[in-house]
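Peer 1: Have a look at this one before I ask anything.
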Amino acid sequence: GQQLNQSPQSMFIQEGEDVSMNCTSSSIFNTWLWYKQDPGEGPVLLIALYKAGELTSNGRLTAQFGITRKDSFLNISASIPSDVGIYFCAGRVDSNYQLIWGAGTKLIIKP
Amino acid sequence: DTAVSQTPKYLVTQMGNDKSIKCEQNLGHDTMYWYKQDSKKFLKIMFSYNNKELIINETVPNRFSPKSPDKAHLNLHINSLELGDSAVYFCASKRGREQYFGPGTRLTVT
């Protein structure tokens, strides 16, 4: 099935660094979502975006809905150890359509 | 807070067996889902179900079937288990516009 292009696949960072990841699609979406999955747990919704150009923050996390409607970005500022996990993007055309998922970005903080 | 629960958390079984995974949400959500997450962490939608409609991903084998005894439950039945069915299975529930996930069931077929 269709899958979003999410990059990078994994990131090794130092505590305190800023993190950026993105998701692109070949088709237009009207909703972009970012989830985080901790080991042994289900994905948890972090940020939902519903309007092109929208910039939304959730604490140290900021996500943007790309103006072309074909991409989205997630930034994490001043990373801390509990930020480790897998971050997934997901998009859809509208509420009547299924979510299309990215393959995830695994965030690892170097000791 | 969401309240999507799944049982069991872990399930180890042999090939050829039939098993079920239970999912419950207690917030009156209208739509529930089952996802499969493979070893590469890719999330694949299997089913979505509300009171009126069951939508099946056409790539899901018919050995998999969702059963909803009531609005708060969507259980996943799997017949004739195969090695390739080993994965983590997530139930999700929709509140408002977005989905909220359960903790997952790790199925291992030996």
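Residues in the structure tokens are named by chain (A, B, ... in the order shown) and by number from 1 within that chain; ligands are numbered from 1 in the order shown.
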Identify every residue of chain A that has at least one atom within 9 Å of any atom of chain B, counting only C-alpha atoms, and report the result as an NGL selection string.
Peer 2: :A and (1 or 33 or 40-45 or 48 or 86 or 95 or 98-104)
Peer 1: Using only C-alpha atoms, which residues sit within 10 Å of Ile108 (chain A) once same-chain residues fewer than 2 positions away are excluded, as a list of chain:residue names?
Peer 2: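 Neighbouring residues, sequence-local ones excluded: A:Ser10, A:Met11, A:Phe12, A:Ile13, A:Gln14, A:Glu15, A:Pro81, A:Ser82, A:Asp83, A:Val84, A:Gly85, A:Ile86, A:Thr105, A:Lys106, A:Lys110, A:Pro111.
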Peer 1: Save out the residues we just selected, C-alpha atoms, as a tab-separated table (two decimals), in the first residue's frame.
Peer 2:
```tsv
chain	number	residue	atom	x	y	z
A	10	SER	CA	17.28	6.95	12.42
A	11	MET	CA	19.13	9.68	14.26
A	12	PHE	CA	21.93	9.53	16.80
A	13	ILE	CA	22.11	12.78	18.73
A	14	GLN	CA	23.61	14.24	21.86
A	15	GLU	CA	21.38	15.31	24.70
A	81	PRO	CA	16.68	11.26	27.23
A	82	SER	CA	12.93	10.65	27.33
A	83	ASP	CA	12.66	11.84	23.72
A	84	VAL	CA	14.07	8.51	22.52
A	85	GLY	CA	11.61	6.42	20.59
A	86	ILE	CA	10.17	6.11	17.12
A	105	THR	CA	12.28	7.87	12.51
A	106	LYS	CA	14.12	6.20	15.36
A	110	LYS	CA	24.14	9.07	22.60
A	111	PRO	CA	25.33	8.61	26.18
```
Peer 1: DSSP says strand (DSSP E) for which residues of chain B? Put them as a ChimeraX atom specification?
Peer 2: /B:4-7,10-13,19-25,31-37,43-49,54-56,64-67,75-78,87-95,98-101,105-109
Peer 1: So which one's closest to Asn79 (chain B), B:Met15, B:Cys23, B:Leu107, B:Met46? Using only C-alpha atoms, please.
Peer 2: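 Ranking B:Met15, B:Cys23, B:Leu107, B:Met46 by distance to Asn79 (chain B), first place goes to B:Met15.
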Peer 1: So that I can check the surroundings of Arg92 (chain A), please list as a list in words every protein, DNA and RNA residue that reaches within 6 Å of it, counting only C-alpha atoms and ignoring chain neighbours fewer than 2 positions away.
Peer 2: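 The filter keeps Phe29, Thr31, Asp94 and Leu99 of chain A.
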Peer 1: Can you measure CA of Gln37 (chain A) to CA of Thr108 (chain B) for me? One decimal in Å is fine.
Peer 2: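 Between CA of Gln37 (chain A) and CA of Thr108 (chain B) the gap works out to 20.3 Å.
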Peer 1: Of the candidates B:Asn75, B:Asn50, B:Asn17, B:Thr110, which shows the shortest atom-to-atom distance to Asp30 (chain B), using only C-alpha atoms?
Peer 2: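 Distance minimum relative to Asp30 (chain B) lands on B:Asn50.
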Peer 1: Tell me which protein, DNA and RNA residues are within 9 Å of Ser25 (chain A), counting only C-alpha atoms, leaving out same-chain ones fewer than 5 positions away, and put them as a PyMOL selection string.
Peer 2: chain A and resi 3-6+69-71+91
Peer 1: Kindly save the residues from that selection, with C-alpha atoms included, as a tab-separated table (two decimals), in the first residue's frame.
Peer 2:
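Final output, saved to result25.tsv:
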```
chain	number	residue	atom	x	y	z
A	3	GLN	CA	3.52	4.83	2.30
A	4	LEU	CA	4.90	8.23	3.12
A	5	ASN	CA	8.61	8.95	2.72
A	6	GLN	CA	9.89	9.71	6.18
A	69	ARG	CA	0.30	19.99	1.28
A	70	LYS	CA	2.77	17.26	0.33
A	71	ASP	CA	5.08	17.44	3.31
A	91	GLY	CA	-1.40	11.84	6.56
```
Peer 1: Report the distance between CA of Leu74 (chain A) and CA of Lys36 (chain B) in Å, rounded to one decimal place.
Peer 2: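 CA of Leu74 (chain A) sits 24.4 Å away from CA of Lys36 (chain B).
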Peer 1: I'd like the neighbourhood of region 63-73 of chain B as a PyMOL selection string, where a residue qualifies if any of its atoms comes within 9 Å (using only C-alpha atoms), though same-chain residues fewer than 6 positions away should be ignored.
Peer 2: chain B and resi 22-32+34+46-47+49-51+54+79-81
Peer 1: Could you turn the residues from that selection into a file that holds C-alpha atoms, as a short mmCIF file (atom, residue, chain, number, x, y, z; two decimals), in the first residue's frame?
Peer 2:
```cif
data_model
loop_
_atom_site.label_atom_id
_atom_site.label_comp_id
_atom_site.auth_asym_id
_atom_site.auth_seq_id
_atom_site.Cartn_x
_atom_site.Cartn_y
_atom_site.Cartn_z
CA LYS B 22 -9.35 -8.48 22.72
CA CYS B 23 -9.70 -4.72 22.51
CA GLU B 24 -11.86 -2.45 24.60
CA GLN B 25 -12.39 1.28 24.67
CA ASN B 26 -14.56 2.87 27.30
CA LEU B 27 -14.98 6.40 25.96
CA GLY B 28 -17.83 5.86 23.56
CA HIS B 29 -15.69 6.19 20.43
CA ASP B 30 -17.47 5.44 17.18
CA THR B 31 -14.74 3.83 15.16
CA MET B 32 -12.16 1.20 16.05
CA TRP B 34 -6.72 -2.98 14.04
CA MET B 46 -5.96 -4.13 8.81
CA PHE B 47 -9.53 -3.15 9.59
CA TYR B 49 -15.07 -0.65 11.98
CA ASN B 50 -17.92 1.48 13.23
CA ASN B 51 -21.53 0.69 13.90
CA LEU B 54 -16.47 -2.72 8.25
CA ASN B 79 -7.41 -18.80 12.38
CA SER B 80 -4.71 -21.26 11.35
CA LEU B 81 -1.84 -19.11 12.56
#
```
Peer 1: In Å, how far is it from CA of Ala87 (chain B) to CA of Pro8 (chain B)?
Peer 2: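 Calculated distance between CA of Ala87 (chain B) and CA of Pro8 (chain B) is 13.5 Å.
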Peer 1: Let me make sure I understand: among B:Ser39, B:Asn62, B:Gln14, B:Ser20, which one has the smallest atom-to-atom distance to Glu82 (chain B) if we use only C-alpha atoms?
Peer 2: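 So, comparing all the options, the nearest one is B:Gln14.
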